[in-house]
Amino acid sequence: MGIIKIEVEDILTLKKSHPCGSRQWKVIRLGTDIGMKCIKCGHFVMIPRHKLEKNIREINRKGCLLKPVEVIIEVE
Ligand SMILES: [Zn+2]
């Protein structure tokens, strides 16, 4: 799979895990920083776009699992 653009509501599986043990985050807000909520503990973080793009392993969109080679996050 090639390049994928992130959308709000996507569930991202990251390479690094949160201290609570979960690797999955739900995208809440797109911008220069991306707002995401931990699926397990509900913790909210803002992460710089370029940093997040490198850290994404999988994307779950409406039940479909996407495994991108590269992830692009667009700012509107
Ligand atoms: Zn967590």
# chains A, B, ... in the order shown; residues from 1 in each chain; ligands from 1
$ residues_near_ligand --ligand "ligand 1" --cutoff "10 Å" --atoms "only C-alpha atoms and all ligand atoms" --output "MDAnalysis selection string"
chainID A and resid 17:25 37:45
$ residues_around --residues "Asp33 of chain A" --least-positions-apart "5" --cutoff "7 Å" --atoms "only C-alpha atoms" --output "PyMOL selection string"
chain A and resi 46-49
$ select_by_dssp --residues "segment 16-63 of chain A" --states "strand (DSSP E or B)" --output "number ranges by chain"
A: 24-29, 33-38, 44-48, 56-61
$ residues_around --residues "Asn55 of chain A" --least-positions-apart "6" --cutoff "9 Å" --atoms "only C-alpha atoms" --output "ChimeraX atom specification"
/A:13-16
$ residues_around --residues "Gly2 of chain A" --least-positions-apart "2" --cutoff "10 Å" --atoms "only C-alpha atoms" --output "number ranges by chain"
A: 4, 66-71
$ write_last_selection --atoms "C-alpha atoms" --output "JSON list (two decimals), in the first residue's frame"
[["chain", "number", "residue", "atom", "x", "y", "z"],
["A", 4, "ILE", "CA", -2.27, 7.51, 2.82],
["A", 66, "LEU", "CA", -4.47, 0.17, 6.09],
["A", 67, "LYS", "CA", -0.74, -0.45, 6.13],
["A", 68, "PRO", "CA", 0.87, 2.48, 4.36],
["A", 69, "VAL", "CA", 4.45, 2.69, 3.14],
["A", 70, "GLU", "CA", 4.25, 6.40, 3.86],
["A", 71, "VAL", "CA", 1.74, 8.59, 5.67]]
$ select_by_dssp --residues "chain A" --states "alpha helix (DSSP H)" --output "list of chain:residue names"
A:Arg49, A:His50, A:Lys51, A:Leu52, A:Glu53, A:Lys54, A:Asn55
$ write_last_selection --atoms "N, CA and C atoms" --output "mmCIF file, in the first residue's frame"
data_model
loop_
_atom_site.group_PDB
_atom_site.id
_atom_site.type_symbol
_atom_site.label_atom_id
_atom_site.label_comp_id
_atom_site.auth_asym_id
_atom_site.auth_seq_id
_atom_site.Cartn_x
_atom_site.Cartn_y
_atom_site.Cartn_z
ATOM 1 N N ARG A 49 3.071 17.276 13.410
ATOM 2 C CA ARG A 49 2.734 16.479 12.242
ATOM 3 C C ARG A 49 3.896 15.628 11.725
ATOM 4 N N HIS A 50 5.063 16.250 11.534
ATOM 5 C CA HIS A 50 6.207 15.535 10.950
ATOM 6 C C HIS A 50 6.670 14.384 11.851
ATOM 7 N N LYS A 51 6.488 14.588 13.165
ATOM 8 C CA LYS A 51 6.905 13.563 14.118
ATOM 9 C C LYS A 51 5.946 12.371 14.065
ATOM 10 N N LEU A 52 4.667 12.674 13.966
ATOM 11 C CA LEU A 52 3.658 11.621 13.924
ATOM 12 C C LEU A 52 3.743 10.801 12.629
ATOM 13 N N GLU A 53 3.985 11.476 11.509
ATOM 14 C CA GLU A 53 4.045 10.788 10.209
ATOM 15 C C GLU A 53 5.037 9.628 10.229
ATOM 16 N N LYS A 54 6.144 9.795 10.933
ATOM 17 C CA LYS A 54 7.191 8.760 10.980
ATOM 18 C C LYS A 54 6.862 7.640 11.953
ATOM 19 N N ASN A 55 5.895 7.889 12.801
ATOM 20 C CA ASN A 55 5.622 6.956 13.902
ATOM 21 C C ASN A 55 4.399 6.058 13.666
#
$ closest_residue --among "A:Ile3, A:Met36, A:Gly31, A:Ile56" --to "Glu74 of chain A" --atoms "only C-alpha atoms"
A:Gly31
$ atom_distance --atom1 "atom CA of Gly35 of chain A" --atom2 "atom CA of Arg61 of chain A"
16.7 Å
